[in-house]
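The structure file entry-v2.txt is reproduced below (compact mmCIF, N, CA and C atoms and all ligand atoms).
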# COMPACT_ATOMS: atom_id res chain seq x y z
N MET V 292 70.32 -87.67 -19.17
CA MET V 292 68.92 -87.44 -19.54
C MET V 292 67.96 -87.91 -18.47
N ARG V 293 68.10 -89.07 -17.96
CA ARG V 293 67.19 -89.63 -16.94
C ARG V 293 67.19 -88.74 -15.69
N ILE V 294 68.37 -88.25 -15.25
CA ILE V 294 68.45 -87.42 -14.05
C ILE V 294 67.64 -86.12 -14.22
N ARG V 295 67.75 -85.50 -15.36
CA ARG V 295 67.02 -84.24 -15.60
C ARG V 295 65.51 -84.44 -15.45
N VAL V 296 65.00 -85.51 -15.99
CA VAL V 296 63.56 -85.77 -15.90
C VAL V 296 63.15 -85.92 -14.44
N GLY V 297 63.98 -86.59 -13.61
CA GLY V 297 63.67 -86.79 -12.20
C GLY V 297 63.55 -85.46 -11.47
N LEU V 298 64.46 -84.53 -11.71
CA LEU V 298 64.40 -83.22 -11.05
C LEU V 298 63.11 -82.49 -11.42
N TRP V 299 62.72 -82.52 -12.66
CA TRP V 299 61.48 -81.89 -13.09
C TRP V 299 60.29 -82.39 -12.25
N SER V 300 60.24 -83.68 -12.05
CA SER V 300 59.13 -84.26 -11.28
C SER V 300 59.09 -83.69 -9.86
N LEU V 301 60.26 -83.60 -9.24
CA LEU V 301 60.31 -83.07 -7.87
C LEU V 301 59.80 -81.63 -7.82
N LEU V 302 60.21 -80.83 -8.77
CA LEU V 302 59.78 -79.43 -8.79
C LEU V 302 58.26 -79.32 -8.90
N ILE V 303 57.67 -80.13 -9.75
CA ILE V 303 56.22 -80.06 -9.94
C ILE V 303 55.49 -80.45 -8.65
N VAL V 304 55.96 -81.49 -7.99
CA VAL V 304 55.33 -81.92 -6.73
C VAL V 304 55.42 -80.79 -5.70
N GLY V 305 56.58 -80.17 -5.63
CA GLY V 305 56.76 -79.10 -4.66
C GLY V 305 55.79 -77.95 -4.90
N ALA V 306 55.59 -77.58 -6.16
CA ALA V 306 54.69 -76.47 -6.48
C ALA V 306 53.26 -76.82 -6.06
N ALA V 307 52.86 -78.07 -6.24
CA ALA V 307 51.51 -78.48 -5.89
C ALA V 307 51.29 -78.35 -4.38
N CYS V 308 52.29 -78.75 -3.60
CA CYS V 308 52.15 -78.65 -2.16
C CYS V 308 52.01 -77.19 -1.72
N GLY V 309 52.81 -76.30 -2.32
CA GLY V 309 52.76 -74.90 -1.94
C GLY V 309 51.40 -74.29 -2.20
N GLY V 310 50.75 -74.76 -3.26
CA GLY V 310 49.47 -74.17 -3.62
C GLY V 310 48.34 -74.57 -2.69
N SER V 311 48.53 -75.60 -1.89
CA SER V 311 47.42 -76.09 -1.08
C SER V 311 47.05 -75.12 0.04
N SER V 312 47.93 -74.16 0.37
CA SER V 312 47.64 -73.25 1.46
C SER V 312 47.08 -71.92 0.97
N ALA V 313 46.61 -71.89 -0.27
CA ALA V 313 46.09 -70.64 -0.82
C ALA V 313 44.84 -70.22 -0.05
N PRO V 314 44.57 -68.91 0.05
CA PRO V 314 43.36 -68.44 0.74
C PRO V 314 42.12 -69.00 0.08
N THR V 315 41.06 -69.14 0.82
CA THR V 315 39.83 -69.73 0.30
C THR V 315 38.88 -68.66 -0.24
N GLY V 316 39.38 -67.48 -0.45
CA GLY V 316 38.57 -66.45 -1.06
C GLY V 316 37.85 -65.56 -0.08
N SER V 317 38.03 -65.76 1.22
CA SER V 317 37.37 -64.90 2.19
C SER V 317 38.04 -63.52 2.22
N SER V 318 37.35 -62.53 2.75
CA SER V 318 37.90 -61.18 2.82
C SER V 318 39.15 -61.16 3.68
N SER V 319 40.09 -60.31 3.32
CA SER V 319 41.32 -60.21 4.09
C SER V 319 41.19 -59.18 5.20
N ASN V 320 39.99 -58.58 5.36
CA ASN V 320 39.82 -57.60 6.43
C ASN V 320 39.92 -58.28 7.80
N PRO V 321 40.48 -57.59 8.81
CA PRO V 321 40.53 -58.17 10.15
C PRO V 321 39.14 -58.23 10.73
N PRO V 322 38.89 -59.10 11.72
CA PRO V 322 37.56 -59.16 12.33
C PRO V 322 37.20 -57.81 12.95
N PRO V 323 35.92 -57.43 12.88
CA PRO V 323 35.53 -56.11 13.39
C PRO V 323 35.73 -56.03 14.90
N SER V 324 36.18 -54.88 15.39
CA SER V 324 36.32 -54.69 16.82
C SER V 324 34.96 -54.36 17.41
N THR V 325 34.89 -54.19 18.72
CA THR V 325 33.63 -53.87 19.38
C THR V 325 33.04 -52.60 18.79
N PRO V 326 31.77 -52.66 18.33
CA PRO V 326 31.16 -51.44 17.79
C PRO V 326 30.98 -50.41 18.90
N VAL V 327 31.09 -49.14 18.50
CA VAL V 327 30.99 -48.05 19.46
C VAL V 327 29.92 -47.06 19.02
N GLN V 328 29.04 -46.70 19.94
CA GLN V 328 28.04 -45.65 19.72
C GLN V 328 28.44 -44.46 20.57
N SER V 329 28.74 -43.34 19.92
CA SER V 329 29.10 -42.14 20.67
C SER V 329 27.87 -41.30 20.98
N ILE V 330 27.84 -40.74 22.18
CA ILE V 330 26.78 -39.82 22.58
C ILE V 330 27.45 -38.57 23.13
N SER V 331 27.11 -37.42 22.55
CA SER V 331 27.68 -36.16 23.00
C SER V 331 26.89 -35.60 24.17
N MET V 332 27.62 -35.04 25.15
CA MET V 332 26.98 -34.38 26.29
C MET V 332 27.26 -32.89 26.18
N THR V 333 26.19 -32.09 26.22
CA THR V 333 26.35 -30.64 26.20
C THR V 333 25.33 -30.04 27.17
N GLU V 334 25.25 -28.71 27.23
CA GLU V 334 24.28 -28.04 28.09
C GLU V 334 22.99 -27.82 27.29
N PHE V 335 21.92 -28.52 27.60
CA PHE V 335 21.83 -29.59 28.60
C PHE V 335 21.12 -30.75 27.93
N ALA V 336 21.88 -31.51 27.17
CA ALA V 336 21.26 -32.60 26.43
C ALA V 336 22.30 -33.65 26.05
N PHE V 337 21.78 -34.87 25.82
CA PHE V 337 22.56 -35.94 25.21
C PHE V 337 22.21 -35.97 23.73
N SER V 338 23.20 -36.24 22.88
CA SER V 338 22.93 -36.28 21.45
C SER V 338 23.75 -37.38 20.77
N PRO V 339 23.10 -38.38 20.16
CA PRO V 339 21.65 -38.61 20.21
C PRO V 339 21.28 -39.14 21.60
N PRO V 340 20.10 -38.74 22.10
CA PRO V 340 19.76 -39.15 23.46
C PRO V 340 19.38 -40.62 23.58
N SER V 341 18.77 -41.16 22.53
CA SER V 341 18.16 -42.49 22.65
C SER V 341 18.47 -43.38 21.46
N PRO V 342 19.74 -43.75 21.30
CA PRO V 342 20.07 -44.62 20.17
C PRO V 342 19.64 -46.06 20.43
N SER V 343 19.41 -46.79 19.34
CA SER V 343 19.15 -48.23 19.42
C SER V 343 20.43 -48.93 18.97
N ILE V 344 20.91 -49.85 19.80
CA ILE V 344 22.19 -50.50 19.51
C ILE V 344 22.05 -52.01 19.63
N LYS V 345 23.01 -52.71 19.08
CA LYS V 345 23.05 -54.17 19.20
C LYS V 345 23.77 -54.55 20.49
N ALA V 346 23.35 -55.65 21.09
CA ALA V 346 24.04 -56.16 22.28
C ALA V 346 25.52 -56.34 21.96
N GLY V 347 26.36 -55.95 22.89
CA GLY V 347 27.80 -56.02 22.67
C GLY V 347 28.40 -54.69 22.25
N THR V 348 27.53 -53.70 22.02
CA THR V 348 28.02 -52.37 21.62
C THR V 348 28.46 -51.58 22.84
N THR V 349 29.55 -50.86 22.68
CA THR V 349 30.01 -49.96 23.73
C THR V 349 29.48 -48.56 23.46
N VAL V 350 28.81 -48.00 24.46
CA VAL V 350 28.36 -46.60 24.35
C VAL V 350 29.43 -45.73 24.99
N ARG V 351 29.83 -44.70 24.25
CA ARG V 351 30.90 -43.81 24.71
C ARG V 351 30.35 -42.40 24.80
N TRP V 352 30.14 -41.93 26.03
CA TRP V 352 29.66 -40.57 26.23
C TRP V 352 30.86 -39.62 26.20
N VAL V 353 30.73 -38.54 25.47
CA VAL V 353 31.79 -37.56 25.35
C VAL V 353 31.26 -36.20 25.79
N ASN V 354 31.90 -35.61 26.77
CA ASN V 354 31.43 -34.31 27.27
C ASN V 354 32.00 -33.20 26.39
N ASN V 355 31.17 -32.70 25.49
CA ASN V 355 31.55 -31.58 24.62
C ASN V 355 31.05 -30.26 25.17
N GLY V 356 30.58 -30.26 26.41
CA GLY V 356 30.05 -29.05 27.01
C GLY V 356 31.12 -28.30 27.78
N THR V 357 30.65 -27.46 28.68
CA THR V 357 31.57 -26.62 29.45
C THR V 357 31.46 -26.84 30.95
N THR V 358 30.68 -27.83 31.35
CA THR V 358 30.60 -28.17 32.77
C THR V 358 30.45 -29.67 32.92
N VAL V 359 30.54 -30.13 34.15
CA VAL V 359 30.48 -31.57 34.41
C VAL V 359 29.09 -32.11 34.12
N HIS V 360 29.06 -33.30 33.50
CA HIS V 360 27.82 -34.05 33.33
C HIS V 360 28.08 -35.49 33.76
N THR V 361 26.98 -36.23 33.91
CA THR V 361 27.12 -37.67 34.17
C THR V 361 26.17 -38.42 33.24
N ALA V 362 26.48 -39.70 33.06
CA ALA V 362 25.54 -40.63 32.42
C ALA V 362 25.24 -41.68 33.47
N THR V 363 24.04 -41.62 34.04
CA THR V 363 23.68 -42.44 35.19
C THR V 363 22.40 -43.20 34.89
N SER V 364 22.43 -44.52 35.01
CA SER V 364 21.23 -45.30 34.73
C SER V 364 20.14 -44.99 35.75
N ASP V 365 18.90 -44.90 35.27
CA ASP V 365 17.77 -44.66 36.18
C ASP V 365 17.65 -45.80 37.18
N ASN V 366 17.90 -47.02 36.70
CA ASN V 366 17.89 -48.18 37.59
C ASN V 366 19.25 -48.24 38.29
N ALA V 367 19.24 -48.02 39.58
CA ALA V 367 20.49 -47.88 40.31
C ALA V 367 21.39 -49.09 40.12
N GLY V 368 22.67 -48.81 39.93
CA GLY V 368 23.66 -49.87 39.91
C GLY V 368 24.00 -50.45 38.56
N VAL V 369 23.22 -50.11 37.51
CA VAL V 369 23.55 -50.66 36.19
C VAL V 369 24.83 -50.01 35.67
N TRP V 370 24.86 -48.69 35.66
CA TRP V 370 26.11 -47.98 35.39
C TRP V 370 25.98 -46.56 35.91
N ASN V 371 27.11 -45.96 36.23
CA ASN V 371 27.16 -44.58 36.67
C ASN V 371 28.53 -44.02 36.32
N SER V 372 28.55 -43.04 35.46
CA SER V 372 29.85 -42.52 35.00
C SER V 372 30.58 -41.74 36.09
N GLN V 373 29.86 -41.32 37.13
CA GLN V 373 30.39 -40.29 38.04
C GLN V 373 30.60 -39.02 37.20
N ASP V 374 31.38 -38.09 37.70
CA ASP V 374 31.58 -36.83 36.98
C ASP V 374 32.44 -37.02 35.73
N VAL V 375 31.91 -36.56 34.60
CA VAL V 375 32.70 -36.57 33.36
C VAL V 375 33.04 -35.13 33.04
N ALA V 376 34.30 -34.79 33.07
CA ALA V 376 34.73 -33.41 32.84
C ALA V 376 34.62 -33.04 31.37
N PRO V 377 34.51 -31.74 31.08
CA PRO V 377 34.50 -31.30 29.69
C PRO V 377 35.77 -31.74 28.97
N ALA V 378 35.59 -32.15 27.72
CA ALA V 378 36.73 -32.64 26.93
C ALA V 378 37.28 -31.54 26.05
N HIS V 379 37.63 -30.43 26.65
CA HIS V 379 38.21 -29.35 25.87
C HIS V 379 39.59 -29.75 25.39
N PRO V 380 40.01 -29.20 24.25
CA PRO V 380 41.33 -29.58 23.72
C PRO V 380 42.44 -29.34 24.74
N ASP V 381 42.35 -28.26 25.48
CA ASP V 381 43.39 -27.98 26.46
C ASP V 381 42.97 -28.44 27.85
N ASN V 382 41.86 -29.20 27.92
CA ASN V 382 41.34 -29.69 29.19
C ASN V 382 41.09 -28.56 30.19
N SER V 383 40.76 -27.39 29.67
CA SER V 383 40.46 -26.27 30.54
C SER V 383 39.11 -26.49 31.20
N CYS V 384 38.81 -25.72 32.17
CA CYS V 384 37.58 -25.91 32.93
C CYS V 384 36.97 -24.56 33.24
N PRO V 385 36.17 -24.01 32.31
CA PRO V 385 35.62 -22.68 32.53
C PRO V 385 34.61 -22.61 33.67
N TYR V 386 33.94 -23.72 33.93
CA TYR V 386 32.93 -23.70 34.99
C TYR V 386 33.14 -24.88 35.93
N PRO V 387 34.07 -24.74 36.87
CA PRO V 387 34.37 -25.85 37.80
C PRO V 387 33.13 -26.27 38.59
N PRO V 388 33.09 -27.48 39.15
CA PRO V 388 34.20 -28.45 39.14
C PRO V 388 34.28 -29.24 37.84
N CYS V 389 35.46 -29.61 37.48
CA CYS V 389 35.66 -30.41 36.27
C CYS V 389 36.64 -31.54 36.57
N SER V 390 36.31 -32.34 37.57
CA SER V 390 37.25 -33.40 37.93
C SER V 390 36.53 -34.74 37.96
N GLY V 391 37.30 -35.79 38.10
CA GLY V 391 36.73 -37.10 38.33
C GLY V 391 36.36 -37.88 37.10
N THR V 392 37.08 -37.72 36.02
CA THR V 392 36.75 -38.44 34.81
C THR V 392 37.89 -39.33 34.38
N THR V 393 37.55 -40.47 33.77
CA THR V 393 38.59 -41.41 33.32
C THR V 393 38.23 -42.01 31.99
N PRO V 394 38.93 -41.73 30.91
CA PRO V 394 39.91 -40.66 30.78
C PRO V 394 39.19 -39.33 30.62
N PRO V 395 39.89 -38.21 30.61
CA PRO V 395 39.21 -36.91 30.57
C PRO V 395 38.19 -36.80 29.46
N GLY V 396 36.99 -36.45 29.85
CA GLY V 396 35.99 -36.11 28.86
C GLY V 396 35.12 -37.24 28.37
N THR V 397 35.42 -38.49 28.74
CA THR V 397 34.63 -39.58 28.19
C THR V 397 34.30 -40.61 29.28
N PHE V 398 33.25 -41.37 28.99
CA PHE V 398 32.91 -42.53 29.82
C PHE V 398 32.33 -43.59 28.90
N SER V 399 32.76 -44.83 29.07
CA SER V 399 32.30 -45.91 28.20
C SER V 399 31.66 -47.03 29.02
N PHE V 400 30.60 -47.60 28.45
CA PHE V 400 29.95 -48.75 29.07
C PHE V 400 29.47 -49.68 27.96
N THR V 401 29.74 -50.98 28.12
CA THR V 401 29.34 -51.96 27.11
C THR V 401 28.06 -52.65 27.53
N PHE V 402 27.06 -52.62 26.65
CA PHE V 402 25.76 -53.22 26.91
C PHE V 402 25.74 -54.63 26.32
N THR V 403 25.63 -55.63 27.19
CA THR V 403 25.65 -57.01 26.73
C THR V 403 24.25 -57.64 26.73
N GLN V 404 23.32 -57.08 27.53
CA GLN V 404 21.99 -57.67 27.66
C GLN V 404 20.95 -56.82 26.93
N PRO V 405 20.16 -57.45 26.03
CA PRO V 405 19.08 -56.70 25.39
C PRO V 405 18.12 -56.13 26.43
N GLY V 406 17.59 -54.96 26.12
CA GLY V 406 16.65 -54.34 27.03
C GLY V 406 16.56 -52.85 26.80
N THR V 407 15.83 -52.18 27.67
CA THR V 407 15.64 -50.73 27.58
C THR V 407 16.24 -50.09 28.82
N TYR V 408 17.15 -49.17 28.60
CA TYR V 408 17.93 -48.60 29.70
C TYR V 408 17.79 -47.07 29.74
N PRO V 409 16.83 -46.56 30.51
CA PRO V 409 16.73 -45.10 30.67
C PRO V 409 17.86 -44.60 31.55
N TYR V 410 18.33 -43.38 31.25
CA TYR V 410 19.43 -42.80 32.03
C TYR V 410 19.28 -41.29 32.06
N HIS V 411 20.08 -40.65 32.89
CA HIS V 411 19.97 -39.21 33.06
C HIS V 411 21.30 -38.63 33.50
N CYS V 412 21.40 -37.32 33.46
CA CYS V 412 22.53 -36.62 34.06
C CYS V 412 22.16 -36.35 35.51
N ALA V 413 23.06 -36.69 36.42
CA ALA V 413 22.76 -36.54 37.84
C ALA V 413 22.54 -35.07 38.22
N TYR V 414 23.13 -34.14 37.47
CA TYR V 414 23.01 -32.72 37.80
C TYR V 414 21.86 -32.05 37.07
N HIS V 415 21.59 -32.48 35.84
CA HIS V 415 20.66 -31.74 35.00
C HIS V 415 19.48 -32.58 34.51
N GLY V 416 19.32 -33.78 35.06
CA GLY V 416 18.24 -34.65 34.61
C GLY V 416 16.87 -34.08 34.94
N ALA V 417 16.66 -33.82 36.23
CA ALA V 417 15.37 -33.31 36.66
C ALA V 417 15.18 -31.84 36.27
N LEU V 418 16.26 -31.07 36.41
CA LEU V 418 16.16 -29.62 36.21
C LEU V 418 15.99 -29.24 34.74
N TYR V 419 16.75 -29.91 33.86
CA TYR V 419 16.76 -29.53 32.44
C TYR V 419 16.31 -30.66 31.52
N ASN V 420 15.77 -31.72 32.14
CA ASN V 420 15.33 -32.88 31.35
C ASN V 420 16.47 -33.43 30.50
N MET V 421 17.66 -33.47 31.09
CA MET V 421 18.81 -34.04 30.38
C MET V 421 18.78 -35.55 30.60
N THR V 422 18.03 -36.22 29.72
CA THR V 422 17.79 -37.66 29.88
C THR V 422 17.87 -38.36 28.53
N GLY V 423 17.86 -39.69 28.57
CA GLY V 423 17.87 -40.47 27.35
C GLY V 423 17.54 -41.92 27.67
N THR V 424 17.46 -42.73 26.63
CA THR V 424 17.19 -44.15 26.80
C THR V 424 18.00 -44.94 25.78
N ILE V 425 18.74 -45.92 26.27
CA ILE V 425 19.49 -46.81 25.38
C ILE V 425 18.63 -48.05 25.15
N THR V 426 18.33 -48.35 23.89
CA THR V 426 17.61 -49.57 23.56
C THR V 426 18.60 -50.57 22.98
N VAL V 427 18.70 -51.72 23.61
CA VAL V 427 19.66 -52.76 23.20
C VAL V 427 18.90 -53.92 22.58
N THR V 428 19.19 -54.23 21.33
CA THR V 428 18.53 -55.31 20.64
C THR V 428 19.48 -56.51 20.55
N PRO V 429 18.95 -57.73 20.43
CA PRO V 429 19.81 -58.91 20.36
C PRO V 429 20.74 -58.89 19.16
CU CU T 1 24.47 -32.55 32.93
Please render this file's structure as structure tokens.
Amino acid sequence: MRIRVGLWSLLIVGAACGGSSAPTGSSSNPPPSTPVQSISMTEFAFSPPSPSIKAGTTVRWVNNGTTVHTATSDNAGVWNSQDVAPAHPDNSCPYPPCSGTTPPGTFSFTFTQPGTYPYHCAYHGALYNMTGTITVTP
């Protein structure tokens, strides 16, 4: 009889220890990854051209058009996509040149500093007013 009572006590203590590591009720979702703002490039516009984003957001330009475009900051040196080729499903190129993109069809840049960032397409900015402005808020 005495031995049985002793085992019971050990089991209860063990259960109490196991319970101490229970979750504290926070969400089980993983931490959010870097937010992404997509901007489509077509002939001859960015869409949306001028989004407002939070610092730390990555802007991802996607060329959904049929010729090369760029996303180039008006202030030299902030960012320059170089040529972004059309992102056709078969990566075809109806209106060459369509080279110089990494990876095909997209260009990404992460904005870490709040501010106002005007940009343009190097080929169609002046000619077709293919321009935009990224507003970065804290
Ligand atoms: Cu363009």
Axis-aligned box for all listed atoms of range 341-355 of chain V, 6 Å per side, centre and edges in Å to one decimal, as AutoDock Vina command-line options:
--center_x 25.1 --center_y -43.3 --center_z 23.1 --size_x 25.8 --size_y 38.1 --size_z 20.3
If you take all atoms listed in the file and a cut-off of 5 Å, which residues of chain V touch ligand CU 1 (chain T), and what are their nearest atom pairs and distances in Å to one decimal, in chain and number order, as JSON lines?
{"residue": "V:Val359", "atom": "C", "partner": "T:CU1", "partner_atom": "CU", "distance": 4.8}
{"residue": "V:His360", "atom": "CA", "partner": "T:CU1", "partner_atom": "CU", "distance": 3.7}
{"residue": "V:Thr361", "atom": "N", "partner": "T:CU1", "partner_atom": "CU", "distance": 4.6}
{"residue": "V:Cys412", "atom": "CA", "partner": "T:CU1", "partner_atom": "CU", "distance": 4.6}
{"residue": "V:Tyr414", "atom": "C", "partner": "T:CU1", "partner_atom": "CU", "distance": 4.9}
{"residue": "V:His415", "atom": "N", "partner": "T:CU1", "partner_atom": "CU", "distance": 4.1}
8 Å contact set for Ala362 in chain V, only N, CA and C atoms, chain neighbours under 3 positions out, as a list in words: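 Counting only N, CA and C atoms, the residues come to Trp352, Asp365, Trp370, Asn371, Ser372, Gln373, Asp374, Val375, Phe398, Tyr410, His411, Cys412, Ala413 and Tyr414 of chain V.
When only N, CA and C atoms are used to measure the gap to Val353 in chain V, the shortest distance among V:Gly396, V:Pro326, V:Pro409, V:Gly368 belongs to V:Gly396.
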Distance in Å - CA of Thr397 in chain V versus CA of Asn354 in chain V: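 Result for CA of Thr397 in chain V versus CA of Asn354 in chain V: 6.2 Å, one decimal.
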Point-to-point distance in Å for atom C of Val369 in chain V and atom C of Ser329 in chain V: 17.3 Å
Proximity to Pro377 in chain V - best of V:Ser331, V:Ser343, V:Thr428, V:Thr401, only C-alpha atoms: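 Smallest distance to Pro377 in chain V is found for V:Ser331.
Across V:Thr333, V:Val350, V:Thr424, V:Ile344, the tightest approach to Ala378 in chain V is made by V:Thr333 when counting only C-alpha atoms.
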List every protein, DNA or RNA residue that has at least one atom no more than 7 Å from (23.8, -50.2, 22.3) in the file's coordinates, counting only N, CA and C atoms, and write the result as a PDB file with N, CA and C atoms, keeping the file's coordinate frame.
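The resulting part25.pdb:
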ATOM      1  N   GLN V 328      29.040 -46.700  19.940  1.00  0.00           N
ATOM      2  CA  GLN V 328      28.040 -45.650  19.720  1.00  0.00           C
ATOM      3  C   GLN V 328      28.440 -44.460  20.570  1.00  0.00           C
ATOM      4  N   PRO V 342      19.740 -43.750  21.300  1.00  0.00           N
ATOM      5  CA  PRO V 342      20.070 -44.620  20.170  1.00  0.00           C
ATOM      6  C   PRO V 342      19.640 -46.060  20.430  1.00  0.00           C
ATOM      7  N   SER V 343      19.410 -46.790  19.340  1.00  0.00           N
ATOM      8  CA  SER V 343      19.150 -48.230  19.420  1.00  0.00           C
ATOM      9  C   SER V 343      20.430 -48.930  18.970  1.00  0.00           C
ATOM     10  N   ILE V 344      20.910 -49.850  19.800  1.00  0.00           N
ATOM     11  CA  ILE V 344      22.190 -50.500  19.510  1.00  0.00           C
ATOM     12  C   ILE V 344      22.050 -52.010  19.630  1.00  0.00           C
ATOM     13  N   LYS V 345      23.010 -52.710  19.080  1.00  0.00           N
ATOM     14  CA  LYS V 345      23.050 -54.170  19.200  1.00  0.00           C
ATOM     15  C   LYS V 345      23.770 -54.550  20.490  1.00  0.00           C
ATOM     16  N   ALA V 346      23.350 -55.650  21.090  1.00  0.00           N
ATOM     17  CA  ALA V 346      24.040 -56.160  22.280  1.00  0.00           C
ATOM     18  C   ALA V 346      25.520 -56.340  21.960  1.00  0.00           C
ATOM     19  N   GLY V 347      26.360 -55.950  22.890  1.00  0.00           N
ATOM     20  CA  GLY V 347      27.800 -56.020  22.670  1.00  0.00           C
ATOM     21  C   GLY V 347      28.400 -54.690  22.250  1.00  0.00           C
ATOM     22  N   THR V 348      27.530 -53.700  22.020  1.00  0.00           N
ATOM     23  CA  THR V 348      28.020 -52.370  21.620  1.00  0.00           C
ATOM     24  C   THR V 348      28.460 -51.580  22.840  1.00  0.00           C
ATOM     25  N   THR V 349      29.550 -50.860  22.680  1.00  0.00           N
ATOM     26  CA  THR V 349      30.010 -49.960  23.730  1.00  0.00           C
ATOM     27  C   THR V 349      29.480 -48.560  23.460  1.00  0.00           C
ATOM     28  N   VAL V 350      28.810 -48.000  24.460  1.00  0.00           N
ATOM     29  CA  VAL V 350      28.360 -46.600  24.350  1.00  0.00           C
ATOM     30  C   VAL V 350      29.430 -45.730  24.990  1.00  0.00           C
ATOM     31  N   PHE V 402      27.060 -52.620  26.650  1.00  0.00           N
ATOM     32  CA  PHE V 402      25.760 -53.220  26.910  1.00  0.00           C
ATOM     33  C   PHE V 402      25.740 -54.630  26.320  1.00  0.00           C
ATOM     34  N   ILE V 425      18.740 -45.920  26.270  1.00  0.00           N
ATOM     35  CA  ILE V 425      19.490 -46.810  25.380  1.00  0.00           C
ATOM     36  C   ILE V 425      18.630 -48.050  25.150  1.00  0.00           C
ATOM     37  N   THR V 426      18.330 -48.350  23.890  1.00  0.00           N
ATOM     38  CA  THR V 426      17.610 -49.570  23.560  1.00  0.00           C
ATOM     39  C   THR V 426      18.600 -50.570  22.980  1.00  0.00           C
ATOM     40  N   VAL V 427      18.700 -51.720  23.610  1.00  0.00           N
ATOM     41  CA  VAL V 427      19.660 -52.760  23.200  1.00  0.00           C
ATOM     42  C   VAL V 427      18.900 -53.920  22.580  1.00  0.00           C
ATOM     43  N   THR V 428      19.190 -54.230  21.330  1.00  0.00           N
ATOM     44  CA  THR V 428      18.530 -55.310  20.640  1.00  0.00           C
ATOM     45  C   THR V 428      19.480 -56.510  20.550  1.00  0.00           C
TER      46      THR V 428
END
Interatomic distance, CA of Glu334 in chain V to CA of Thr422 in chain V (Å, one decimal): 11.7 Å
Taking 5 positions as the minimum chain separation for residues in the same chain, which residues sit within 6.5 Å of Phe335 in chain V when counting all atoms listed in the file? Answer as a PDB file with N, CA and C atoms, keeping the file's coordinate frame.
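Okay, part_28.pdb is ready:
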ATOM      1  N   TYR V 419      16.750 -29.910  33.860  1.00  0.00           N
ATOM      2  CA  TYR V 419      16.760 -29.530  32.440  1.00  0.00           C
ATOM      3  C   TYR V 419      16.310 -30.660  31.520  1.00  0.00           C
ATOM      4  N   ASN V 420      15.770 -31.720  32.140  1.00  0.00           N
ATOM      5  CA  ASN V 420      15.330 -32.880  31.350  1.00  0.00           C
ATOM      6  C   ASN V 420      16.470 -33.430  30.500  1.00  0.00           C
ATOM      7  N   MET V 421      17.660 -33.470  31.090  1.00  0.00           N
ATOM      8  CA  MET V 421      18.810 -34.040  30.380  1.00  0.00           C
ATOM      9  C   MET V 421      18.780 -35.550  30.600  1.00  0.00           C
TER      10      MET V 421
END
Best match for closeness to Pro339 in chain V among V:Gly416, V:Pro429, V:Gly423, V:Gly356, counting all atoms listed in the file: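 Closest to Pro339 in chain V of all the choices is V:Gly423.
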